[in-house]
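To be precise, the following lines are model_7.txt, and they hold compact mmCIF, C-alpha atoms.
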```txt
# COMPACT_ATOMS: atom_id res chain seq x y z
CA MET F 1 78.47 -34.15 -11.91
CA ASN F 2 79.04 -35.33 -8.37
CA GLY F 3 78.06 -33.08 -5.52
CA ARG F 4 75.34 -32.00 -3.13
CA ILE F 5 73.21 -28.96 -3.89
CA LEU F 6 70.70 -27.29 -1.60
CA PHE F 7 67.99 -25.29 -3.36
CA ILE F 8 66.08 -22.75 -1.26
CA THR F 9 63.02 -20.95 -2.61
CA HIS F 10 60.42 -18.60 -1.20
CA GLN F 11 57.55 -20.82 -2.34
CA LEU F 12 56.55 -23.78 -4.50
CA SER F 13 53.66 -22.07 -6.26
CA ARG F 14 53.17 -22.57 -9.98
CA THR F 15 54.50 -19.09 -10.71
CA GLY F 16 57.52 -17.85 -12.66
CA ALA F 17 60.51 -17.98 -10.30
CA PRO F 18 59.66 -21.33 -8.64
CA ILE F 19 58.90 -22.91 -12.03
CA VAL F 20 62.25 -21.93 -13.52
CA LEU F 21 64.04 -23.08 -10.36
CA LEU F 22 62.32 -26.44 -10.75
CA ASP F 23 63.74 -26.64 -14.27
CA MET F 24 67.23 -25.99 -12.87
CA ILE F 25 66.66 -28.73 -10.29
CA LYS F 26 65.69 -31.14 -13.06
CA LEU F 27 68.83 -30.22 -14.96
CA CYS F 28 71.12 -30.81 -11.96
CA LYS F 29 69.36 -34.05 -11.09
CA ARG F 30 69.89 -35.28 -14.64
CA GLU F 31 73.58 -34.50 -14.10
CA ARG F 32 73.44 -36.86 -11.07
CA ALA F 33 73.77 -34.27 -8.32
CA ASP F 34 72.36 -35.05 -4.87
CA ILE F 35 69.62 -32.51 -4.28
CA ASP F 36 67.77 -31.19 -1.23
CA VAL F 37 65.12 -28.48 -1.26
CA ILE F 38 63.84 -26.03 1.34
CA THR F 39 60.84 -23.79 0.70
CA MET F 40 59.45 -20.99 2.81
CA MET F 41 55.92 -21.82 1.62
CA ASP F 42 54.42 -25.01 0.20
CA GLY F 43 52.67 -25.18 -3.16
CA GLU F 44 51.63 -27.17 -6.21
CA LEU F 45 55.21 -27.81 -7.36
CA GLY F 46 55.81 -29.91 -4.26
CA GLU F 47 54.06 -32.83 -5.95
CA GLN F 48 56.47 -32.61 -8.87
CA LEU F 49 59.42 -32.71 -6.50
CA HIS F 50 58.02 -35.81 -4.81
CA ASN F 51 57.50 -37.41 -8.23
CA MET F 52 61.20 -36.79 -8.89
CA GLY F 53 62.09 -38.54 -5.65
CA ILE F 54 63.05 -35.28 -3.92
CA ASP F 55 61.72 -34.53 -0.45
CA TYR F 56 61.62 -30.97 0.79
CA LYS F 57 61.40 -29.10 4.08
CA ILE F 58 59.35 -26.02 4.91
CA MET F 59 61.12 -23.26 6.85
CA GLU F 60 59.75 -19.76 7.24
CA ARG F 61 62.81 -18.22 8.93
CA PHE F 62 66.55 -18.85 8.75
CA TYR F 63 68.55 -16.22 10.58
CA PRO F 64 67.33 -17.12 14.11
CA GLU F 65 68.92 -20.56 13.56
CA LYS F 66 72.11 -19.29 11.95
CA GLU F 67 74.66 -21.40 13.86
CA ARG F 68 72.76 -24.66 13.42
CA LEU F 69 72.17 -24.03 9.73
CA LEU F 70 75.80 -23.10 9.10
CA SER F 71 76.79 -26.46 10.55
CA GLU F 72 74.14 -28.42 8.64
CA TRP F 73 74.72 -26.68 5.32
CA SER F 74 78.50 -27.11 5.41
CA ARG F 75 78.02 -30.53 3.78
CA TYR F 76 76.74 -28.94 0.56
CA ASN F 77 78.97 -28.07 -2.36
CA LEU F 78 76.54 -25.35 -3.44
CA VAL F 79 73.49 -23.52 -2.10
CA VAL F 80 71.11 -21.88 -4.60
CA ALA F 81 68.87 -19.22 -3.03
CA ASN F 82 66.00 -18.25 -5.33
CA THR F 83 64.47 -14.73 -5.26
CA ILE F 84 65.10 -11.72 -3.07
CA VAL F 85 62.70 -13.10 -0.43
CA THR F 86 65.37 -15.62 0.65
CA TYR F 87 67.59 -12.77 1.87
CA GLU F 88 67.91 -14.37 5.34
CA VAL F 89 69.77 -17.28 3.72
CA ILE F 90 72.31 -14.77 2.42
CA HIS F 91 72.76 -13.28 5.90
CA VAL F 92 73.32 -16.78 7.31
CA LEU F 93 75.90 -17.80 4.69
CA ASN F 94 77.53 -14.45 3.97
CA GLY F 95 81.30 -14.77 4.56
CA SER F 96 81.22 -18.53 5.06
CA LYS F 97 83.11 -21.12 3.01
CA ILE F 98 79.89 -22.36 1.39
CA PRO F 99 79.48 -21.21 -2.25
CA VAL F 100 76.09 -19.58 -2.84
CA ILE F 101 74.23 -18.56 -5.98
CA TRP F 102 71.60 -15.89 -5.23
CA TRP F 103 69.29 -15.79 -8.24
CA LEU F 104 67.18 -12.63 -8.40
CA HIS F 105 63.96 -12.32 -10.40
CA GLU F 106 62.27 -9.24 -8.92
CA GLY F 107 61.23 -5.81 -10.06
CA ARG F 108 62.34 -2.50 -8.58
CA GLN F 109 59.51 -2.32 -6.05
CA TYR F 110 60.78 -5.48 -4.31
CA PHE F 111 64.29 -4.10 -3.93
CA GLU F 112 62.82 -0.92 -2.48
CA TYR F 113 60.51 -2.86 -0.14
CA PHE F 114 63.33 -5.08 1.19
CA ALA F 115 65.95 -2.30 1.17
CA SER F 116 66.35 -2.25 4.95
CA VAL F 117 66.96 -5.99 5.33
CA ILE F 118 68.90 -7.20 2.28
CA PRO F 119 72.72 -6.97 2.27
CA HIS F 120 74.39 -4.38 0.07
CA PHE F 121 75.46 -6.05 -3.17
CA GLY F 122 78.71 -4.06 -3.30
CA THR F 123 79.97 -5.34 0.06
CA ILE F 124 78.62 -8.89 0.03
CA GLY F 125 81.00 -11.78 0.85
CA SER F 126 83.08 -13.38 -1.89
CA ASN F 127 81.25 -16.70 -1.41
CA ILE F 128 77.96 -15.10 -2.49
CA HIS F 129 77.56 -15.03 -6.28
CA THR F 130 74.58 -12.87 -7.25
CA TYR F 131 72.88 -13.27 -10.63
CA ALA F 132 70.08 -11.32 -12.30
CA VAL F 133 67.55 -13.24 -14.36
CA SER F 134 67.23 -10.50 -17.00
CA PRO F 135 68.72 -7.21 -18.20
CA TYR F 136 65.89 -5.43 -16.39
CA VAL F 137 66.86 -6.88 -12.99
CA LYS F 138 70.52 -6.22 -13.73
CA SER F 139 69.75 -2.55 -14.48
CA VAL F 140 67.72 -2.16 -11.28
CA ILE F 141 70.62 -3.43 -9.16
CA LYS F 142 73.02 -1.19 -11.08
CA ASP F 143 70.80 1.85 -10.55
CA ILE F 144 70.14 1.30 -6.83
CA TYR F 145 73.43 -0.21 -5.66
CA LYS F 146 75.86 1.12 -8.29
CA CYS F 147 77.34 -2.31 -8.94
CA ASP F 148 77.19 -4.78 -11.80
CA VAL F 149 75.97 -8.34 -11.42
CA PRO F 150 76.07 -10.94 -14.19
CA MET F 151 72.96 -12.45 -15.73
CA MET F 152 71.85 -16.04 -15.63
CA HIS F 153 69.00 -16.89 -17.96
CA PHE F 154 66.73 -19.82 -17.36
CA ALA F 155 65.99 -22.43 -19.98
CA VAL F 156 62.41 -22.99 -21.14
CA TYR F 157 61.70 -26.36 -22.69
CA GLY F 158 59.21 -29.20 -22.76
CA TYR F 159 57.57 -28.39 -26.10
CA GLU F 160 57.37 -31.33 -28.47
CA GLY F 161 55.34 -29.67 -31.21
CA GLU F 162 56.55 -28.11 -34.43
CA ALA F 163 56.99 -24.36 -34.21
CA ASP F 164 56.88 -23.85 -37.97
CA LYS F 165 53.30 -25.18 -38.05
CA HIS F 166 52.34 -22.53 -35.49
CA TYR F 167 53.73 -19.45 -37.13
CA ALA F 168 52.64 -20.53 -40.58
CA ARG F 169 48.96 -20.95 -39.63
CA LYS F 170 46.45 -18.39 -40.91
CA ARG F 171 42.72 -17.94 -40.29
CA ASP F 172 40.02 -15.29 -40.24
CA VAL F 173 39.70 -14.83 -36.47
CA VAL F 174 42.81 -13.81 -34.52
CA LYS F 175 43.06 -15.71 -31.23
CA PHE F 176 44.69 -13.80 -28.37
CA LEU F 177 45.73 -15.44 -25.10
CA THR F 178 46.75 -13.92 -21.74
CA ALA F 179 48.22 -16.09 -18.97
CA GLY F 180 49.12 -15.04 -15.43
CA THR F 181 47.90 -14.52 -11.89
CA PHE F 182 45.06 -11.98 -11.84
CA SER F 183 46.75 -8.97 -10.28
CA LYS F 184 47.57 -5.29 -10.76
CA ILE F 185 51.13 -6.30 -11.57
CA LYS F 186 50.05 -8.57 -14.43
CA GLY F 187 47.69 -5.88 -15.74
CA GLN F 188 44.69 -7.89 -16.97
CA ASP F 189 42.50 -4.92 -16.03
CA VAL F 190 44.43 -2.80 -18.52
CA LEU F 191 43.81 -5.40 -21.21
CA ALA F 192 40.11 -5.60 -20.30
CA ALA F 193 39.83 -1.82 -20.72
CA ALA F 194 41.72 -1.98 -24.03
CA ILE F 195 39.40 -4.67 -25.40
CA ARG F 196 36.39 -2.50 -24.61
CA MET F 197 37.97 0.28 -26.71
CA LEU F 198 38.28 -1.83 -29.86
CA PRO F 199 36.08 -0.78 -32.79
CA ASP F 200 33.32 -3.25 -33.66
CA GLU F 201 34.98 -4.30 -36.91
CA TYR F 202 38.06 -5.43 -34.96
CA MET F 203 36.08 -7.14 -32.21
CA LYS F 204 34.56 -9.29 -34.95
CA LYS F 205 38.05 -10.32 -36.05
CA ALA F 206 39.34 -11.25 -32.59
CA GLU F 207 38.88 -13.75 -29.79
CA PHE F 208 40.38 -13.29 -26.30
CA SER F 209 41.11 -15.98 -23.70
CA PHE F 210 42.38 -15.49 -20.13
CA CYS F 211 43.93 -18.11 -17.84
CA GLY F 212 45.84 -17.89 -14.58
CA ASN F 213 46.23 -18.81 -10.96
CA GLU F 214 43.00 -18.01 -9.11
CA ALA F 215 44.11 -19.12 -5.63
CA ALA F 216 45.00 -15.54 -4.65
CA VAL F 217 43.67 -12.85 -6.97
CA ASP F 218 43.21 -9.11 -6.94
CA GLU F 219 39.42 -8.98 -6.86
CA GLU F 220 39.21 -5.73 -8.82
CA VAL F 221 41.34 -7.14 -11.64
CA TYR F 222 39.61 -10.52 -11.62
CA THR F 223 36.18 -8.88 -11.67
CA SER F 224 37.14 -6.68 -14.63
CA VAL F 225 37.84 -9.81 -16.70
CA CYS F 226 34.73 -11.68 -15.46
CA GLU F 227 32.52 -8.73 -16.43
CA LEU F 228 34.25 -8.53 -19.80
CA GLU F 229 33.40 -12.18 -20.44
CA LYS F 230 29.74 -11.51 -19.58
CA ASP F 231 29.56 -8.57 -21.99
CA TYR F 232 31.30 -10.14 -25.00
CA ASN F 233 30.82 -13.58 -26.49
CA ASN F 234 34.36 -13.58 -27.91
CA VAL F 235 35.98 -13.32 -24.45
CA HIS F 236 36.61 -16.55 -22.53
CA MET F 237 37.82 -17.34 -19.02
CA LEU F 238 39.83 -20.58 -19.12
CA HIS F 239 40.61 -20.37 -15.39
CA GLN F 240 43.67 -22.08 -13.91
CA LEU F 241 45.43 -24.53 -16.22
CA THR F 242 48.36 -26.89 -15.89
CA ARG F 243 51.54 -25.95 -17.73
CA GLN F 244 50.83 -28.48 -20.46
CA GLN F 245 47.28 -27.19 -20.86
CA THR F 246 48.65 -23.65 -21.11
CA ILE F 247 51.15 -24.75 -23.77
CA SER F 248 48.27 -26.35 -25.69
CA CYS F 249 46.36 -23.05 -25.52
CA MET F 250 49.46 -21.28 -26.81
CA GLU F 251 49.59 -23.66 -29.75
CA ASP F 252 45.99 -22.76 -30.56
CA ALA F 253 46.50 -19.00 -30.11
CA ASP F 254 47.96 -16.57 -32.62
CA CYS F 255 49.28 -13.99 -30.17
CA LEU F 256 50.07 -13.93 -26.45
CA ILE F 257 49.40 -10.58 -24.78
CA VAL F 258 51.53 -9.72 -21.73
CA PRO F 259 49.91 -6.50 -20.39
CA SER F 260 52.02 -6.32 -17.21
CA ARG F 261 52.72 -3.18 -15.25
CA ILE F 262 55.83 -4.87 -13.81
CA GLU F 263 57.49 -7.95 -15.32
CA PRO F 264 61.23 -8.65 -14.79
CA LEU F 265 61.24 -11.15 -17.68
CA SER F 266 58.07 -13.19 -18.53
CA ALA F 267 58.32 -16.94 -18.73
CA VAL F 268 54.99 -17.22 -20.57
CA ALA F 269 56.25 -14.91 -23.34
CA ILE F 270 59.30 -17.13 -23.76
CA GLU F 271 57.05 -20.20 -23.87
CA MET F 272 54.97 -18.57 -26.62
CA MET F 273 58.13 -17.90 -28.64
CA MET F 274 59.13 -21.51 -28.04
CA THR F 275 55.93 -22.70 -29.75
CA GLY F 276 56.43 -20.32 -32.68
CA GLY F 277 53.65 -17.93 -31.68
CA THR F 278 53.65 -14.13 -31.62
CA VAL F 279 54.09 -12.05 -28.45
CA LEU F 280 52.70 -8.58 -27.67
CA CYS F 281 54.26 -7.31 -24.43
CA THR F 282 54.52 -4.02 -22.57
CA ASP F 283 57.75 -2.05 -22.54
CA VAL F 284 58.35 -2.76 -18.83
CA CYS F 285 58.69 -6.49 -19.45
CA GLY F 286 62.22 -7.87 -19.31
CA ILE F 287 61.49 -9.86 -22.47
CA ALA F 288 61.00 -6.54 -24.31
CA TYR F 289 64.81 -6.23 -24.19
CA TYR F 290 64.91 -9.09 -26.71
CA VAL F 291 61.93 -7.97 -28.84
CA GLU F 292 62.34 -5.64 -31.77
CA ASP F 293 58.89 -4.20 -32.35
CA GLY F 294 57.37 -5.57 -35.55
CA GLU F 295 60.35 -7.85 -36.22
CA ASN F 296 60.17 -10.74 -33.73
CA GLY F 297 57.18 -9.56 -31.68
CA TYR F 298 55.34 -6.41 -30.63
CA VAL F 299 55.98 -3.93 -27.81
CA THR F 300 53.46 -1.46 -26.42
CA SER F 301 53.29 1.05 -23.56
CA SER F 302 52.51 -0.22 -20.06
CA ASP F 303 49.43 0.82 -18.09
CA ASP F 304 47.92 2.47 -21.18
CA PRO F 305 44.66 0.87 -22.44
CA GLN F 306 44.45 3.13 -25.48
CA ARG F 307 47.95 2.27 -26.70
CA LEU F 308 47.32 -1.42 -25.99
CA ALA F 309 44.10 -1.30 -28.03
CA GLU F 310 46.03 0.32 -30.89
CA SER F 311 48.65 -2.43 -30.66
CA ILE F 312 45.99 -5.15 -30.79
CA ILE F 313 44.60 -3.52 -33.93
CA ARG F 314 48.11 -3.46 -35.36
CA VAL F 315 48.58 -7.17 -34.70
CA ILE F 316 45.29 -7.95 -36.46
CA ASP F 317 46.20 -5.74 -39.43
CA ASP F 318 49.69 -7.25 -39.61
CA TYR F 319 48.27 -10.57 -40.76
CA ASP F 320 50.72 -11.06 -43.63
CA ASN F 321 53.73 -10.51 -41.32
CA TRP F 322 52.87 -13.19 -38.73
CA GLU F 323 54.89 -15.96 -40.31
CA HIS F 324 58.03 -13.82 -40.34
CA ILE F 325 57.49 -12.61 -36.76
CA GLY F 326 56.81 -16.13 -35.47
CA LYS F 327 59.90 -17.49 -37.21
CA ILE F 328 62.23 -14.75 -35.93
CA GLY F 329 60.65 -14.93 -32.47
CA HIS F 330 61.38 -18.66 -32.35
CA GLN F 331 64.97 -17.96 -33.37
CA THR F 332 65.19 -15.48 -30.47
CA TYR F 333 64.00 -18.21 -28.11
CA MET F 334 66.54 -20.70 -29.48
CA LYS F 335 69.39 -18.19 -29.14
CA HIS F 336 68.71 -17.03 -25.58
CA PHE F 337 66.33 -19.36 -23.72
CA SER F 338 66.49 -22.87 -25.18
CA ARG F 339 68.04 -25.73 -23.27
CA GLU F 340 70.91 -25.82 -25.77
CA ALA F 341 71.67 -22.13 -25.23
CA VAL F 342 71.37 -22.01 -21.44
CA GLU F 343 72.52 -25.34 -20.01
CA PRO F 344 76.23 -24.95 -20.81
CA ASP F 345 76.19 -21.76 -18.74
CA ILE F 346 74.41 -23.00 -15.62
CA VAL F 347 75.88 -26.45 -14.97
CA PRO F 348 78.86 -26.17 -12.64
CA VAL F 349 81.45 -28.54 -14.09
CA SER F 350 83.16 -29.54 -10.86
CA TYR F 351 81.98 -29.98 -7.31
CA THR F 352 85.31 -31.08 -5.88
CA HIS F 353 86.76 -27.66 -6.63
CA LEU F 354 83.60 -25.76 -7.47
CA THR F 355 83.56 -23.93 -10.77
CA LEU F 356 80.64 -21.54 -10.85
CA PRO F 357 78.66 -20.88 -14.03
CA THR F 358 80.23 -18.89 -16.84
CA ILE F 359 77.59 -16.33 -17.73
CA ARG F 360 77.12 -14.69 -21.11
CA LEU F 361 76.62 -10.97 -20.57
```
Write the structure described by the file as structure tokens, please.
Amino acid sequence: MNGRILFITHQLSRTGAPIVLLDMIKLCKRERADIDVITMMDGELGEQLHNMGIDYKIMERFYPEKERLLSEWSRYNLVVANTIVTYEVIHVLNGSKIPVIWWLHEGRQYFEYFASVIPHFGTIGSNIHTYAVSPYVKSVIKDIYKCDVPMMHFAVYGYEGEADKHYARKRDVVKFLTAGTFSKIKGQDVLAAAIRMLPDEYMKKAEFSFCGNEAAVDEEVYTSVCELEKDYNNVHMLHQLTRQQTISCMEDADCLIVPSRIEPLSAVAIEMMMTGGTVLCTDVCGIAYYVEDGENGYVTSSDDPQRLAESIIRVIDDYDNWEHIGKIGHQTYMKHFSREAVEPDIVPVSYTHLTLPTIRL
């Protein structure tokens, strides 16, 4: 691969969309592309970019400098704009000769919030190629804008363990893990309420651990988990962990709970499947599209502590089925989200005459 690519993201926080964009950057760098990065907000991932030999700029606005940016960016073979928050980049480049991939990761509420400022997907310029990260995002765009956009999955990798050792492990206490920023969207307060509803005999069979970004939390949600830890000796706050530390916790856990109220996909659920562990997610999660309840994971109702408590009980009772679920869940990961499955679809093969990704729908 020879060519220059500009990646633009809303932030470099260690959250879902920036993390998967970083993986795409690594992929393109390995293919010997020249890479530049612009972020609207700095964050922890900046250090990783520097370690890769990639410098980045911070820009909060784009449209006020449209003419200058059009001139500067004309030297790139491709611009990748990550998330709906980079909509000003689309206004700058819309109708130009510069090929653009606009990669969208957001839930319905973001499309509604930005409705007055984002371009209409049905009338966007032919140089703008819009992709949804999951079937959920694709369906939101279809419902609101009455137009189809293709999907582009991200690859999740970096696990060097043996998945079969994970899903084959059995023990008396079931270890549950929840990972994510403490917020209403991620729904840890729903999980805290569900744990309090568990009968004593099931509390004795379970252990719950929480980890996540604590730089900017919803105090009500965060407090609900802190109080839960004070009240129960089988509830543990692991606080903010690195990705590798989180993967290690996944290896040690039996089931990852994703209690989100809104979740366009869920990178952590995919990571759990990668390690061979079991996932329990809510029905609003994009990953639920790939989960057949009781076959390769578990699906429960969102924003419903009682149903979540019942699902936790079901996971504990389903002890003899874990190996099957872990094995089929890992196969789901390999089919849809592994490097081998995704990379052939996201590496443009020519930058002299740009060939954009061929996307599996």
Between atom CA of F:Lys97 and atom CA of F:Val85, what distance in Å does the model show, to one decimal?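 Atom-to-atom, atom CA of F:Lys97 and atom CA of F:Val85 are spaced 22.2 Å apart.
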Just to confirm, what's the straight-line distance from atom CA of F:Arg14 to atom CA of F:Thr242 in Å (one decimal)?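 That distance, rounded to one decimal, is 8.8 Å.
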Could you check which of F:His166, F:Arg196, F:His324, F:Lys138 is closest to F:Ala309, using only C-alpha atoms?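 Checking each candidate against F:Ala309, we get F:Arg196 as the closest.
The spacing separating atom CA of F:Phe7 from atom CA of F:Ser338 amounts to 22.0 Å.
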For stretch 279-293 of chain F: contacts at 7 Å, all atoms listed in the file, fewer than 6 positions along chain excluded, given as number ranges by chain: F: 134-136, 255-266, 269, 272, 299-302
From the set F:Pro119, F:Tyr157, F:Trp102, F:Arg307, which residue has the shortest atom-to-atom contact distance to F:Tyr131, counting all atoms listed in the file? F:Trp102
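Proximity to F:Ile35 was assessed for F:Gly122, F:Gly3, F:Pro64, F:Gly187 counting only C-alpha atoms; the smallest distance is recorded for F:Gly3.
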Please report, as CSV, each residue of stretch 278-317 of chain F lying at most 9 Å from stretch 201-212 of chain F, together with the nearest pair of atoms and the separation in Å rounded to one decimal; use all atoms listed in the file, and order rows by chain and ascending residue number.
```
residue,atom,partner,partner_atom,distance
F:Ile312,CA,F:Tyr202,CA,9.0
F:Ile313,CA,F:Tyr202,CA,6.9
F:Ile316,CA,F:Lys205,CA,7.6
```
Restricting the calculation to all atoms listed in the file, which member of F:Thr130, F:Phe154, F:Ser248, F:Thr9 is positioned closest to F:Met24?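 Result for the nearest residue to F:Met24: F:Phe154.
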Exercise: residues within 12 Å of coordinate (67.6, -13.1, 6.4), counting all atoms listed in the file, as a PyMOL selection string: chain F and resi 10+40+60-66+81+84-94+114+116-119
Quick one: what's the axis-aligned box for stretch 123-133 of chain F, all listed atoms, 8 Å on every side, centre and edges in Å to one decimal, as AutoDock Vina command-line options?
```
--center_x 75.3 --center_y -11.0 --center_z -6.8 --size_x 31.5 --size_y 27.4 --size_z 31.2
```
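Nearest-residue note for F:Val221: choosing from F:Leu238, F:Val268, F:Cys249, F:Ala192, the minimum distance belongs to F:Ala192, counting all atoms listed in the file.
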Would you mind telling me which residue in F:Leu49, F:Val140, F:Val79, F:Ile98 lies nearest to F:Tyr110 when using only C-alpha atoms? F:Val140
Please provide the set of residues having any atom within 12 Å of F:Gly53, restricted to only C-alpha atoms, with same-chain residues fewer than 5 positions apart removed, written as a compact mmCIF listing (two decimals) with C-alpha atoms, keeping the file's coordinate frame.
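Once written, around.txt looks like this:
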```txt
# COMPACT_ATOMS: atom_id res chain seq x y z
CA ILE F 25 66.66 -28.73 -10.29
CA LYS F 26 65.69 -31.14 -13.06
CA LYS F 29 69.36 -34.05 -11.09
CA ASP F 34 72.36 -35.05 -4.87
CA ILE F 35 69.62 -32.51 -4.28
CA ASP F 36 67.77 -31.19 -1.23
CA VAL F 37 65.12 -28.48 -1.26
CA GLY F 46 55.81 -29.91 -4.26
CA GLU F 47 54.06 -32.83 -5.95
CA GLN F 48 56.47 -32.61 -8.87
```
Stretch 309-320 of chain F rebuilt with N, CA, C and O atoms, output as an mmCIF file, in the coordinates of the input:
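Written file, out14.cif:
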```
data_model
loop_
_atom_site.group_PDB
_atom_site.id
_atom_site.type_symbol
_atom_site.label_atom_id
_atom_site.label_comp_id
_atom_site.auth_asym_id
_atom_site.auth_seq_id
_atom_site.Cartn_x
_atom_site.Cartn_y
_atom_site.Cartn_z
ATOM 1 N N ALA F 309 45.145 -1.065 -27.028
ATOM 2 C CA ALA F 309 44.100 -1.300 -28.030
ATOM 3 C C ALA F 309 44.652 -1.050 -29.438
ATOM 4 O O ALA F 309 44.398 -1.821 -30.375
ATOM 5 N N GLU F 310 45.428 0.020 -29.589
ATOM 6 C CA GLU F 310 46.030 0.320 -30.890
ATOM 7 C C GLU F 310 47.001 -0.786 -31.316
ATOM 8 O O GLU F 310 47.081 -1.141 -32.504
ATOM 9 N N SER F 311 47.709 -1.362 -30.350
ATOM 10 C CA SER F 311 48.650 -2.430 -30.660
ATOM 11 C C SER F 311 47.921 -3.712 -31.053
ATOM 12 O O SER F 311 48.379 -4.448 -31.941
ATOM 13 N N ILE F 312 46.793 -3.984 -30.411
ATOM 14 C CA ILE F 312 45.990 -5.150 -30.790
ATOM 15 C C ILE F 312 45.492 -4.993 -32.227
ATOM 16 O O ILE F 312 45.526 -5.943 -33.021
ATOM 17 N N ILE F 313 45.034 -3.796 -32.551
ATOM 18 C CA ILE F 313 44.600 -3.520 -33.930
ATOM 19 C C ILE F 313 45.756 -3.737 -34.898
ATOM 20 O O ILE F 313 45.587 -4.328 -35.979
ATOM 21 N N ARG F 314 46.932 -3.296 -34.503
ATOM 22 C CA ARG F 314 48.110 -3.460 -35.360
ATOM 23 C C ARG F 314 48.417 -4.935 -35.597
ATOM 24 O O ARG F 314 48.738 -5.333 -36.715
ATOM 25 N N VAL F 315 48.334 -5.734 -34.553
ATOM 26 C CA VAL F 315 48.580 -7.170 -34.700
ATOM 27 C C VAL F 315 47.594 -7.770 -35.694
ATOM 28 O O VAL F 315 47.967 -8.549 -36.585
ATOM 29 N N ILE F 316 46.317 -7.417 -35.553
ATOM 30 C CA ILE F 316 45.290 -7.950 -36.460
ATOM 31 C C ILE F 316 45.561 -7.522 -37.897
ATOM 32 O O ILE F 316 45.469 -8.321 -38.836
ATOM 33 N N ASP F 317 45.936 -6.256 -38.081
ATOM 34 C CA ASP F 317 46.200 -5.740 -39.430
ATOM 35 C C ASP F 317 47.484 -6.316 -40.037
ATOM 36 O O ASP F 317 47.647 -6.330 -41.260
ATOM 37 N N ASP F 318 48.377 -6.782 -39.166
ATOM 38 C CA ASP F 318 49.690 -7.250 -39.610
ATOM 39 C C ASP F 318 49.673 -8.725 -40.014
ATOM 40 O O ASP F 318 50.701 -9.409 -39.955
ATOM 41 N N TYR F 319 48.523 -9.168 -40.428
ATOM 42 C CA TYR F 319 48.270 -10.570 -40.760
ATOM 43 C C TYR F 319 49.368 -11.191 -41.622
ATOM 44 O O TYR F 319 49.875 -12.277 -41.340
ATOM 45 N N ASP F 320 49.765 -10.501 -42.671
ATOM 46 C CA ASP F 320 50.720 -11.060 -43.630
ATOM 47 C C ASP F 320 52.140 -11.146 -43.058
ATOM 48 O O ASP F 320 53.010 -11.786 -43.669
#
```
